[in-house]
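Visitor: Just passing along the structure, written as structure tokens.
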Amino acid sequence: ARARLRAGGLGLAAAAGMVVVGMLLAGLQIVPSALYARETVRSGGLSMADATVVGFPARDLMLFLDPDAFGTPLGGGFRQVPGEANLYWESLAYVGLVPLLLAPVTFFRRERRGTAILLGGLAACGVFLALGRHSPLYRALFAVLPGLDLFRVPQRWLFVTALGLVLLAALALTSGVERLARRWNPRGAVAIAFGLAALAAYDVGRIGDRTYPTIDWAELEHPSATVEATHGEPLLA
């Protein structure tokens, strides 16, 4: 019992140390940003309408499954919801189909269920915050949490959802590889893991090729029409 208490104490001390180090590192960005925010038009905070002017309707959650569900900027235009200024680049948090299929598997592993619940809650929290004015959670926090009214575009919280999903997928993949290595062939299990990781990377990469503008090689070799029109003069005074 004493050894268990000691191990628990060491774990808590290590966790506290990580939190302190994280806060110190984050302070390098947060403190200057807080001081700068006092000198901007947002110093008094934004209204709910201004903070959520770029909307994220629940419909856009389909983009986790199919980034082309409502069109893309390079594929004929992104079909917005009437009355919503939802933007494709702000609403897209595609992590790939492989992580989406792997993530739920972690909840069925008893030894990792606690971690799975924590990460699943993290992912869900990101979604509820990203929904902005459509979410009771966001509206409640916007009213009581200091500093939240300084930021626009709540769907940027989707990075929390994406982080939770890929961590869940990583846990599922790790558990699967460990079981395969014990019951089958370790090298084969590792090969399967690398294959799934490569498939996931390809899936995300192909979406980028279809949605992000690219520059032809000829454009890189020769001055563009813009440069020629300005005769190489700077565009900003």
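Each chain in the structure tokens gets a letter, A, B, ..., in the order shown, and its residues are numbered from 1; ligands are numbered from 1 in order too.
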Please identify all polymer residues within 12 Å of Ser33 in chain A, counting only C-alpha atoms, omitting same-chain residues fewer than 4 positions from it, and present them as JSON, numbers by chain.

Guide: {"A": [26, 27, 28, 29, 37, 38, 39, 40, 42, 43, 147, 150, 151]}

Visitor: If you run DSSP over the backbone, which residues in range 4-235 of chain A end up helix (DSSP H, G or I)? Put them as a PyMOL selection string.

Guide: chain A and resi 4-37+48-51+58-64+88-91+97-108+110-130+132-134+136-144+148-150+154-183+186-211+217-221+225-230

Visitor: When you look at range 61-63 of chain A with a cut-off of 12 Å (counting only C-alpha atoms), what residues show up, excluding the ones that are within fewer than 2 positions of it in the same chain? I need them as a VMD selection string.

Guide: chain A and resid 56 to 59 65 to 72 78 86 to 97 124 126 to 128 130 to 131 155 158 161 to 162 207

Visitor: Next, the residues of the selection above should be written as a PDB file, in the first residue's frame with C-alpha atoms.

Guide:
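Output (result20.pdb):
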ATOM      1  CA  PHE A  56     -20.081  26.554 -37.997  1.00  0.00           C
ATOM      2  CA  PRO A  57     -23.468  24.868 -38.476  1.00  0.00           C
ATOM      3  CA  ALA A  58     -23.864  21.247 -37.388  1.00  0.00           C
ATOM      4  CA  ARG A  59     -24.101  20.287 -41.070  1.00  0.00           C
ATOM      5  CA  LEU A  65     -16.294  12.092 -43.242  1.00  0.00           C
ATOM      6  CA  ASP A  66     -16.168  13.715 -46.657  1.00  0.00           C
ATOM      7  CA  PRO A  67     -14.327  17.012 -47.273  1.00  0.00           C
ATOM      8  CA  ASP A  68     -16.070  17.230 -50.653  1.00  0.00           C
ATOM      9  CA  ALA A  69     -19.585  16.860 -49.195  1.00  0.00           C
ATOM     10  CA  PHE A  70     -20.558  20.466 -49.943  1.00  0.00           C
ATOM     11  CA  GLY A  71     -18.031  21.338 -52.615  1.00  0.00           C
ATOM     12  CA  THR A  72     -14.574  22.905 -52.298  1.00  0.00           C
ATOM     13  CA  PHE A  78     -18.222  25.695 -51.195  1.00  0.00           C
ATOM     14  CA  ASN A  86     -19.301  29.408 -42.816  1.00  0.00           C
ATOM     15  CA  LEU A  87     -15.938  29.164 -44.582  1.00  0.00           C
ATOM     16  CA  TYR A  88     -14.475  25.951 -45.940  1.00  0.00           C
ATOM     17  CA  TRP A  89     -10.964  26.533 -44.600  1.00  0.00           C
ATOM     18  CA  GLU A  90     -12.240  27.273 -41.100  1.00  0.00           C
ATOM     19  CA  SER A  91     -14.702  24.368 -41.024  1.00  0.00           C
ATOM     20  CA  LEU A  92     -12.380  21.651 -42.320  1.00  0.00           C
ATOM     21  CA  ALA A  93     -10.610  19.512 -39.708  1.00  0.00           C
ATOM     22  CA  TYR A  94     -10.278  16.297 -41.712  1.00  0.00           C
ATOM     23  CA  VAL A  95      -8.064  13.705 -40.013  1.00  0.00           C
ATOM     24  CA  GLY A  96      -8.692  10.869 -42.479  1.00  0.00           C
ATOM     25  CA  LEU A  97     -10.995   7.876 -42.503  1.00  0.00           C
ATOM     26  CA  ALA A 124     -16.575  16.130 -27.919  1.00  0.00           C
ATOM     27  CA  GLY A 126     -13.951  20.652 -29.098  1.00  0.00           C
ATOM     28  CA  VAL A 127     -17.059  20.031 -31.208  1.00  0.00           C
ATOM     29  CA  PHE A 128     -19.407  21.743 -28.744  1.00  0.00           C
ATOM     30  CA  ALA A 130     -16.680  24.886 -32.357  1.00  0.00           C
ATOM     31  CA  LEU A 131     -20.448  25.050 -32.882  1.00  0.00           C
ATOM     32  CA  GLN A 155     -14.619  26.444 -35.048  1.00  0.00           C
ATOM     33  CA  LEU A 158     -11.848  21.796 -33.903  1.00  0.00           C
ATOM     34  CA  THR A 161     -11.362  17.477 -31.637  1.00  0.00           C
ATOM     35  CA  ALA A 162      -8.777  16.487 -34.236  1.00  0.00           C
ATOM     36  CA  ILE A 207      -7.578  16.011 -49.925  1.00  0.00           C
TER      37      ILE A 207
END

Visitor: When you count only C-alpha atoms, which of these residues is closest to Leu119 in chain A: A:Gly164, A:Gly83, A:Gly77, A:Gly9?

Guide: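 Nearest to Leu119 in chain A: A:Gly164.
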
Visitor: May I ask for the distance between CA of Ala169 in chain A and CA of Leu25 in chain A, given in Å to one decimal place?

Guide: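 Here the two named atoms are 27.5 Å from each other.
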
Visitor: So which residues touch Phe142 in chain A within 10 Å, counting only C-alpha atoms, skipping near sequence neighbours fewer than 5 positions away, as a short mmCIF file (atom, residue, chain, number, x, y, z; two decimals) with N, CA, C and O atoms, in the first residue's frame?

Guide:
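The result, stored in selection-v5.cif:
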data_model
loop_
_atom_site.label_atom_id
_atom_site.label_comp_id
_atom_site.auth_asym_id
_atom_site.auth_seq_id
_atom_site.Cartn_x
_atom_site.Cartn_y
_atom_site.Cartn_z
N LEU A 46 -15.67 41.14 -27.49
CA LEU A 46 -16.57 41.11 -28.64
C LEU A 46 -17.96 40.67 -28.21
O LEU A 46 -18.11 39.97 -27.21
N SER A 47 -18.93 41.07 -28.98
CA SER A 47 -20.28 40.56 -28.74
C SER A 47 -20.37 39.14 -29.29
O SER A 47 -19.52 38.70 -30.07
N MET A 48 -21.41 38.42 -28.89
CA MET A 48 -21.60 37.07 -29.41
C MET A 48 -21.73 37.08 -30.92
O MET A 48 -21.18 36.22 -31.61
N ALA A 51 -18.20 37.62 -32.40
CA ALA A 51 -17.30 36.49 -32.16
C ALA A 51 -17.65 35.30 -33.03
O ALA A 51 -16.77 34.50 -33.37
N LEU A 129 -17.64 23.43 -28.54
CA LEU A 129 -17.13 24.79 -28.58
C LEU A 129 -17.10 25.32 -30.00
O LEU A 129 -17.40 26.50 -30.25
N GLY A 132 -20.11 27.13 -31.68
CA GLY A 132 -20.34 28.54 -31.41
C GLY A 132 -21.72 28.83 -30.88
O GLY A 132 -22.19 28.20 -29.93
N ARG A 133 -22.39 29.78 -31.51
CA ARG A 133 -23.71 30.21 -31.01
C ARG A 133 -24.75 29.10 -31.11
O ARG A 133 -25.81 29.20 -30.50
N PRO A 136 -25.10 25.34 -26.59
CA PRO A 136 -25.34 25.88 -25.25
C PRO A 136 -24.05 25.98 -24.43
O PRO A 136 -23.90 26.91 -23.63
N LEU A 137 -23.12 25.04 -24.61
CA LEU A 137 -21.86 25.08 -23.87
C LEU A 137 -21.07 26.33 -24.22
O LEU A 137 -20.56 27.03 -23.33
N GLY A 147 -11.89 36.31 -21.14
CA GLY A 147 -10.98 36.17 -22.27
C GLY A 147 -11.56 35.48 -23.48
O GLY A 147 -11.05 35.66 -24.60
N LEU A 148 -12.60 34.69 -23.30
CA LEU A 148 -13.17 33.98 -24.45
C LEU A 148 -13.78 34.95 -25.45
O LEU A 148 -13.80 34.67 -26.66
N ASP A 149 -14.24 36.10 -24.96
CA ASP A 149 -14.86 37.07 -25.87
C ASP A 149 -13.84 37.90 -26.64
O ASP A 149 -14.21 38.84 -27.36
N LEU A 150 -12.57 37.55 -26.53
CA LEU A 150 -11.53 38.24 -27.30
C LEU A 150 -11.27 37.56 -28.64
O LEU A 150 -10.55 38.10 -29.48
#

Visitor: Restricting the calculation to only C-alpha atoms, which member of A:Ala201, A:Ala193, A:Leu141, A:Val53 is positioned closest to Leu173 in chain A?

Guide: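 Answer, going by the shortest atom-to-atom distance: A:Ala193.
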
Visitor: Compare A:Val153, A:Ala140, A:Ala34, A:Leu165 by their minimum atom-to-atom distance to Gly121 in chain A, counting only C-alpha atoms, and give me the closest one.

Guide: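 Using only C-alpha atoms, Gly121 in chain A sits closest to A:Leu165.
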
Visitor: Please report the interatomic distance between CA of Pro82 in chain A and CA of Thr52 in chain A in Å with one decimal.

Guide: 15.1 Å

Visitor: Name the residues in contact with Leu199 in chain A at a cut-off of 12 Å, using only C-alpha atoms, excluding same-chain residues fewer than 3 positions from it; report them as a PyMOL selection string.

Guide: chain A and resi 95-99+192-196+202-206

Visitor: Save out the residues we just selected, C-alpha atoms, as a short mmCIF file (atom, residue, chain, number, x, y, z; two decimals), in the first residue's frame.

Guide:
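Below you can see part17.cif, which holds the result:
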data_model
loop_
_atom_site.label_atom_id
_atom_site.label_comp_id
_atom_site.auth_asym_id
_atom_site.auth_seq_id
_atom_site.Cartn_x
_atom_site.Cartn_y
_atom_site.Cartn_z
CA VAL A 95 -8.06 13.71 -40.01
CA GLY A 96 -8.69 10.87 -42.48
CA LEU A 97 -10.99 7.88 -42.50
CA VAL A 98 -8.42 5.52 -40.97
CA PRO A 99 -8.23 7.43 -37.65
CA ILE A 192 0.54 -3.44 -40.86
CA ALA A 193 0.91 -0.44 -38.53
CA PHE A 194 3.17 1.37 -41.00
CA GLY A 195 0.78 0.50 -43.82
CA LEU A 196 -2.21 1.99 -41.98
CA TYR A 202 -2.14 9.52 -48.23
CA ASP A 203 -5.82 10.08 -47.47
CA VAL A 204 -5.19 13.47 -45.87
CA GLY A 205 -2.64 14.41 -48.55
CA ARG A 206 -4.97 13.73 -51.46
#
